[in-house]
Structures are given as structure tokens and as C-alpha cells.
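Coordinates from my_file_15.tsv are shown below (TSV, C-alpha atoms).
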```
chain	number	residue	atom	x	y	z
V	3	MET	CA	-52.93	1.72	-57.64
V	4	GLN	CA	-50.06	0.10	-59.57
V	5	GLN	CA	-49.34	3.39	-61.35
V	6	LYS	CA	-49.17	5.14	-57.96
V	7	ASN	CA	-46.82	2.49	-56.61
V	8	ASP	CA	-44.60	2.77	-59.68
V	9	LEU	CA	-44.54	6.55	-59.31
V	10	LEU	CA	-43.58	6.36	-55.62
V	11	HIS	CA	-40.83	3.82	-56.29
V	12	GLY	CA	-39.51	5.92	-59.16
V	13	VAL	CA	-39.38	9.09	-57.04
V	14	MET	CA	-37.71	7.22	-54.18
V	15	PHE	CA	-35.11	5.68	-56.48
V	16	VAL	CA	-34.19	9.07	-57.97
V	17	LEU	CA	-33.94	10.52	-54.44
V	18	ALA	CA	-31.65	7.67	-53.39
V	19	ASP	CA	-29.50	8.11	-56.49
V	20	MET	CA	-29.12	11.82	-55.73
V	21	ILE	CA	-28.01	10.98	-52.18
V	22	GLU	CA	-25.48	8.44	-53.40
V	23	ASN	CA	-24.06	10.78	-56.03
V	24	ARG	CA	-23.47	13.79	-53.81
V	25	ASN	CA	-19.76	13.13	-54.31
V	26	GLU	CA	-20.32	13.26	-58.08
V	27	GLN	CA	-19.05	9.72	-58.57
V	28	LYS	CA	-21.60	8.04	-60.82
V	29	SER	CA	-20.93	4.60	-59.41
V	30	GLY	CA	-24.31	2.93	-60.00
V	31	ARG	CA	-24.15	1.68	-56.43
V	32	ILE	CA	-27.93	1.88	-55.91
V	33	GLU	CA	-28.59	-0.50	-58.80
V	34	ARG	CA	-25.87	-2.88	-57.63
V	35	THR	CA	-27.10	-2.80	-54.05
V	36	SER	CA	-30.60	-3.76	-55.18
V	37	ALA	CA	-29.16	-6.56	-57.32
V	38	TYR	CA	-27.09	-7.95	-54.44
V	39	LEU	CA	-30.11	-7.80	-52.16
V	40	LYS	CA	-32.30	-9.70	-54.61
V	41	ILE	CA	-29.64	-12.38	-55.12
V	42	LEU	CA	-29.13	-12.82	-51.38
V	43	ILE	CA	-32.82	-13.00	-50.48
V	44	ASN	CA	-33.54	-15.48	-53.27
V	45	GLY	CA	-30.61	-17.57	-52.03
V	46	MET	CA	-31.94	-17.47	-48.48
V	47	LEU	CA	-35.39	-18.53	-49.62
V	48	GLU	CA	-33.95	-21.37	-51.69
V	49	ARG	CA	-31.88	-22.63	-48.75
V	50	ARG	CA	-34.61	-21.94	-46.17
V	51	VAL	CA	-32.52	-19.52	-44.16
V	52	TYR	CA	-34.89	-17.78	-41.73
V	53	PRO	CA	-37.96	-18.86	-43.74
V	54	TYR	CA	-40.40	-17.90	-40.98
V	55	GLU	CA	-39.17	-14.31	-40.90
V	56	LEU	CA	-38.93	-13.94	-44.68
V	57	ASN	CA	-42.35	-15.44	-45.31
V	58	LYS	CA	-43.90	-12.61	-43.30
V	59	ILE	CA	-42.38	-10.01	-45.63
V	60	ASP	CA	-43.42	-8.89	-49.11
V	61	ILE	CA	-40.06	-9.55	-50.76
V	62	GLU	CA	-40.67	-7.29	-53.76
V	63	GLN	CA	-41.53	-4.41	-51.46
V	64	LEU	CA	-38.44	-5.11	-49.36
V	65	ILE	CA	-36.12	-5.05	-52.37
V	66	SER	CA	-37.74	-1.88	-53.73
V	67	SER	CA	-37.56	-0.12	-50.38
V	68	ALA	CA	-33.81	-0.71	-50.09
V	69	CYS	CA	-33.21	2.37	-52.23
V	70	LEU	CA	-33.99	4.46	-49.12
V	71	TYR	CA	-31.77	2.66	-46.63
V	72	ASP	CA	-29.18	5.49	-46.61
V	73	VAL	CA	-31.67	8.38	-46.89
V	74	GLY	CA	-30.45	9.72	-43.54
V	75	LYS	CA	-27.24	10.84	-45.25
V	76	LEU	CA	-29.24	13.80	-46.52
V	77	SER	CA	-28.67	15.23	-43.05
V	78	ILE	CA	-24.87	14.82	-43.15
V	79	PRO	CA	-22.81	17.82	-44.36
V	80	ASP	CA	-21.08	17.47	-47.73
V	81	ILE	CA	-17.71	18.28	-46.17
V	82	ILE	CA	-17.96	15.03	-44.16
V	83	ILE	CA	-19.56	12.89	-46.88
V	84	ASN	CA	-16.85	13.91	-49.36
V	85	LYS	CA	-13.86	13.93	-47.01
V	86	PRO	CA	-10.97	12.17	-48.79
V	87	GLY	CA	-9.18	11.10	-45.61
V	88	ARG	CA	-9.98	9.34	-42.35
V	89	LEU	CA	-12.83	10.82	-40.32
V	90	THR	CA	-12.17	12.27	-36.88
V	91	LYS	CA	-14.06	10.81	-33.92
V	92	GLU	CA	-16.41	13.79	-33.97
V	93	GLU	CA	-17.05	13.44	-37.71
V	94	PHE	CA	-17.72	9.71	-37.35
V	95	ASN	CA	-20.21	10.43	-34.57
V	96	ILE	CA	-22.01	12.78	-36.95
V	97	ILE	CA	-22.03	10.10	-39.68
V	98	LYS	CA	-23.53	7.62	-37.21
V	99	THR	CA	-26.60	9.82	-36.77
V	100	HIS	CA	-27.75	9.00	-40.31
V	101	SER	CA	-29.45	5.78	-39.18
V	102	ILE	CA	-31.83	7.50	-36.76
V	103	LYS	CA	-32.28	10.47	-39.06
V	104	GLY	CA	-33.16	8.09	-41.87
V	105	GLU	CA	-35.93	6.65	-39.72
V	106	HIS	CA	-37.21	10.15	-39.03
V	107	ILE	CA	-37.24	11.07	-42.74
V	108	ILE	CA	-39.16	7.91	-43.60
V	109	ASP	CA	-41.62	8.63	-40.76
V	110	ARG	CA	-42.20	12.05	-42.31
V	111	ILE	CA	-42.87	10.46	-45.70
V	112	ALA	CA	-45.27	7.97	-44.08
V	113	SER	CA	-47.15	10.77	-42.33
V	114	LYS	CA	-48.01	12.27	-45.72
V	115	THR	CA	-49.49	9.13	-47.30
V	116	ASN	CA	-51.82	6.28	-46.47
V	117	ASP	CA	-50.39	4.09	-49.23
V	118	ASN	CA	-47.37	1.79	-49.41
V	119	LYS	CA	-47.13	1.30	-45.65
V	120	GLU	CA	-45.21	-1.97	-46.01
V	121	PHE	CA	-42.76	-0.36	-48.43
V	122	LEU	CA	-42.05	2.42	-45.94
V	123	GLN	CA	-41.94	0.10	-42.93
V	124	ASN	CA	-39.29	-2.01	-44.65
V	125	ALA	CA	-37.40	1.14	-45.63
V	126	LYS	CA	-37.44	2.31	-42.01
V	127	LEU	CA	-36.17	-1.03	-40.69
V	128	LEU	CA	-33.38	-1.04	-43.29
V	129	ALA	CA	-32.41	2.57	-42.56
V	130	GLY	CA	-32.41	2.17	-38.81
V	131	ASN	CA	-30.73	-1.22	-38.49
V	132	HIS	CA	-28.15	-1.69	-41.27
V	133	HIS	CA	-25.30	-0.64	-38.96
V	134	GLU	CA	-26.30	-2.92	-36.09
V	135	LEU	CA	-23.78	-5.73	-35.64
V	136	TRP	CA	-24.27	-9.39	-34.75
V	137	ASN	CA	-21.97	-8.94	-31.71
V	138	GLY	CA	-23.95	-6.00	-30.35
V	139	LEU	CA	-21.25	-3.40	-31.03
V	140	GLY	CA	-23.09	-1.61	-33.82
V	141	TYR	CA	-25.30	1.47	-33.81
V	142	PRO	CA	-27.65	3.22	-33.20
V	143	ARG	CA	-29.15	0.92	-30.52
V	144	GLY	CA	-26.50	-1.75	-29.94
V	145	LEU	CA	-28.84	-4.60	-30.83
V	146	GLU	CA	-27.33	-8.06	-31.16
V	147	LYS	CA	-27.95	-11.35	-32.96
V	148	THR	CA	-31.58	-12.05	-33.85
V	149	ASN	CA	-32.76	-9.03	-31.84
V	150	ILE	CA	-31.72	-7.11	-34.95
V	151	PRO	CA	-34.63	-7.15	-37.43
V	152	ILE	CA	-33.88	-9.46	-40.33
V	153	GLN	CA	-34.02	-6.49	-42.71
V	154	GLY	CA	-31.07	-4.99	-40.84
V	155	ARG	CA	-29.10	-8.24	-40.66
V	156	ILE	CA	-29.41	-8.69	-44.41
V	157	MET	CA	-28.67	-5.07	-45.28
V	158	ALA	CA	-25.59	-4.97	-43.02
V	159	ILE	CA	-23.89	-7.46	-45.34
V	160	ILE	CA	-25.09	-5.82	-48.54
V	161	ASP	CA	-24.09	-2.33	-47.41
V	162	VAL	CA	-20.56	-3.33	-46.43
V	163	PHE	CA	-19.94	-5.41	-49.54
V	164	SER	CA	-21.33	-2.72	-51.83
V	165	ALA	CA	-19.15	-0.08	-50.14
V	166	LEU	CA	-16.06	-2.28	-50.42
V	167	VAL	CA	-16.38	-2.79	-54.18
V	168	SER	CA	-17.29	0.86	-54.85
V	169	GLU	CA	-14.88	3.75	-55.32
V	170	ARG	CA	-15.24	6.34	-52.58
V	171	PRO	CA	-13.51	9.70	-52.02
V	172	TYR	CA	-11.16	8.03	-49.53
V	173	LYS	CA	-10.41	4.68	-51.25
V	174	LYS	CA	-10.13	2.67	-54.44
V	175	PRO	CA	-12.58	-0.22	-54.93
V	176	PHE	CA	-11.76	-3.68	-53.63
V	177	SER	CA	-12.16	-6.63	-55.97
V	178	ALA	CA	-15.24	-8.82	-55.55
V	179	ASP	CA	-13.08	-11.64	-54.17
V	180	GLU	CA	-11.50	-9.29	-51.63
V	181	GLY	CA	-14.92	-8.02	-50.61
V	182	LEU	CA	-16.30	-11.54	-50.19
V	183	LYS	CA	-13.29	-12.49	-48.06
V	184	ILE	CA	-13.95	-9.54	-45.74
V	185	ILE	CA	-17.62	-10.52	-45.42
V	186	MET	CA	-16.62	-14.13	-44.66
V	187	ASP	CA	-14.17	-12.95	-41.98
V	188	GLY	CA	-16.95	-10.91	-40.35
V	189	ALA	CA	-19.33	-13.86	-39.93
V	190	GLY	CA	-20.33	-14.33	-36.30
V	191	GLU	CA	-18.88	-10.95	-35.31
V	192	GLN	CA	-20.21	-8.22	-37.58
V	193	PHE	CA	-22.68	-10.33	-39.50
V	194	ASP	CA	-25.28	-13.06	-39.02
V	195	PRO	CA	-23.29	-16.22	-39.90
V	196	LEU	CA	-26.25	-17.99	-41.54
V	197	ILE	CA	-26.90	-15.04	-43.85
V	198	VAL	CA	-23.18	-14.77	-44.66
V	199	GLU	CA	-23.18	-18.44	-45.65
V	200	ALA	CA	-26.12	-17.86	-48.00
V	201	PHE	CA	-24.37	-14.79	-49.45
V	202	LEU	CA	-21.16	-16.67	-50.16
V	203	GLU	CA	-23.11	-19.49	-51.80
V	204	GLU	CA	-24.20	-16.94	-54.42
V	205	LYS	CA	-20.61	-15.90	-55.23
V	206	GLU	CA	-20.88	-16.41	-59.00
V	207	GLN	CA	-24.03	-14.29	-59.33
V	208	ILE	CA	-22.59	-11.60	-57.07
V	209	ILE	CA	-19.35	-11.33	-59.03
V	210	ASN	CA	-21.36	-10.93	-62.23
V	211	VAL	CA	-23.02	-7.83	-60.76
V	212	VAL	CA	-19.78	-6.04	-59.88
```
Using C-alpha cells, write down the structure that the file contains.
Amino acid sequence: MQQKNDLLHGVMFVLADMIENRNEQKSGRIERTSAYLKILINGMLERRVYPYELNKIDIEQLISSACLYDVGKLSIPDIIINKPGRLTKEEFNIIKTHSIKGEHIIDRIASKTNDNKEFLQNAKLLAGNHHELWNGLGYPRGLEKTNIPIQGRIMAIIDVFSALVSERPYKKPFSADEGLKIIMDGAGEQFDPLIVEAFLEEKEQIINVV
């Protein structure tokens, strides 16, 4: 069983890396994203931030499944993914579909296996909810505050920070300090303020990952 789990995780990680590197920028963002996620969750557990919700989750499976959180971008055309300038409204609306499409892809994977259900359930919650915002102005469902699954509230912070400190076709990377400042400014609006506080408490570890 462990060999099968290792094989699945390995295949999923390679798939995620291929998605991330469609723009041919070998940024290592998948590895960094997983590292940030582990640091944040360990910090939350240590400080007892949402302990009831976290204690119901297999944390190792959650961290492993994060490699699929952007799998829906497989459905987005390269011309949009790699656009060097600002997206049009129509292009942004297409980008926004990747959350729902990610859920659908993970459902298709789940339909082909009876194993690793928790891994795939976490992956689906991450994929579908990492663009929901604390103030209810996110997508795809406009959920707000603790109506957003905790997987989504955590990944919203990790996704934004990781994107900020990564080079993209349309921008140079921000410094870690700049990225942390943007996350701090988003507390209570974009992001769950309790999770932001835990994230900022881990500043030294986070900076060491960048």
C-alpha cells in the first residue's frame, strides 16, 4: 500500500510540475509551495489555530495533495497562461474557471481509483477554494469567512505569497519581506486574519525557503 501511495504522489507531483512549468520558467514553485504549507500548518498546530478543524485532517495527506491545487490550469490556453501583460476581462474570466475545472479533474481521478480518497478530497478542496476570499468577494462560489473550507483559507495565503515571490511572464519576483507585507495588509479582507497571524509568526522559516 505504501508503494502505491508513493507512486501516486510521485505521478501527481510530476503532473503539477509540468503544469507550473508550461511557461518554461523552472521556478521550483511547487517545492516552495509545499514547504510554505508545511511551515504554516505546523505553526497553526503549535499555536492552536483552528485545532478542531485541523485535527480532523490527515496533515501529511493535505500537504502532499497541495501539488494538485492548480491542476485546473491544464484547461487554460497557453496564450493566456503565458501572456506577458495584463489580462483582459474576458481572459481573466477564463482563468477563473480553473478552480471548478480543477475539481472536475480531481473527480475524474477519484472515479478511477478506490485508494487515497482523503488525498484526493483534500486536493479537491484546495483546488476549488484557494481563490475564495475572507470578505466573500472571491471565486468560484463567493464563500466568506469560515464558510470557506480551512484547506482553502490556508491555501489562499500560500498561493498568493508563492506567486508574489516567483517570477512570472508578467512580473519580476517580490522580495520575501514585500510579499509578507502584502499578506499582512490582506488580513481580514482577502485572508483569514488568524491564519495570517500564524503565517507571519513563521517569518524566519518562510524567508529561508525563498
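Here the question is which of V:Asp117, V:Asp161, V:Glu204, V:Asp109 gets nearest to Ser36 (chain V) using all atoms listed in the file, and that residue is V:Asp161.
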So that I can see what lies close to region 196-198 of chain V, please list as an mmCIF file with C-alpha atoms, in the coordinates of the input the residues with an atom at most 10 Å from it, counting all atoms listed in the file and leaving out residues fewer than 6 positions away in the same chain.
```
data_model
loop_
_atom_site.group_PDB
_atom_site.id
_atom_site.type_symbol
_atom_site.label_atom_id
_atom_site.label_comp_id
_atom_site.auth_asym_id
_atom_site.auth_seq_id
_atom_site.Cartn_x
_atom_site.Cartn_y
_atom_site.Cartn_z
ATOM 1 C CA LEU V 42 -29.130 -12.820 -51.380
ATOM 2 C CA ILE V 43 -32.820 -13.000 -50.480
ATOM 3 C CA GLY V 45 -30.610 -17.570 -52.030
ATOM 4 C CA MET V 46 -31.940 -17.470 -48.480
ATOM 5 C CA VAL V 51 -32.520 -19.520 -44.160
ATOM 6 C CA TYR V 52 -34.890 -17.780 -41.730
ATOM 7 C CA ILE V 152 -33.880 -9.460 -40.330
ATOM 8 C CA ARG V 155 -29.100 -8.240 -40.660
ATOM 9 C CA ILE V 156 -29.410 -8.690 -44.410
ATOM 10 C CA ILE V 159 -23.890 -7.460 -45.340
ATOM 11 C CA ILE V 160 -25.090 -5.820 -48.540
ATOM 12 C CA LEU V 182 -16.300 -11.540 -50.190
ATOM 13 C CA ILE V 185 -17.620 -10.520 -45.420
ATOM 14 C CA MET V 186 -16.620 -14.130 -44.660
ATOM 15 C CA ASP V 187 -14.170 -12.950 -41.980
ATOM 16 C CA GLY V 188 -16.950 -10.910 -40.350
ATOM 17 C CA ALA V 189 -19.330 -13.860 -39.930
ATOM 18 C CA GLY V 190 -20.330 -14.330 -36.300
#
```
### Task
For the point (-23.6, -13.0, -29.4) in the file's frame, write as a count of residues only all residues with an atom no more than 8 Å away, counting only C-alpha atoms.
7
#### Entry: Within 10 Å of Leu128 (chain V) using all atoms listed in the file, minus same-chain residues under 5 positions, as a PyMOL selection string
chain V and resi 64+67-72+101+104-105+122-123+133+151-158
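Taking only C-alpha atoms, the non-local environment of Pro175 (chain V) within 9 Å (same-chain residues fewer than 3 positions away omitted) comprises Ala165, Leu166, Val167, Ser168, Glu169 and Arg170 of chain V.
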### Task
Place a sphere of radius 7 Å on (-36.7, -8.6, -55.1) in the file coordinates and name every protein, DNA or RNA residue with an atom inside or on its surface, counting all atoms listed in the file; give the answer as a PyMOL selection string.
chain V and resi 40+61-62+64-66
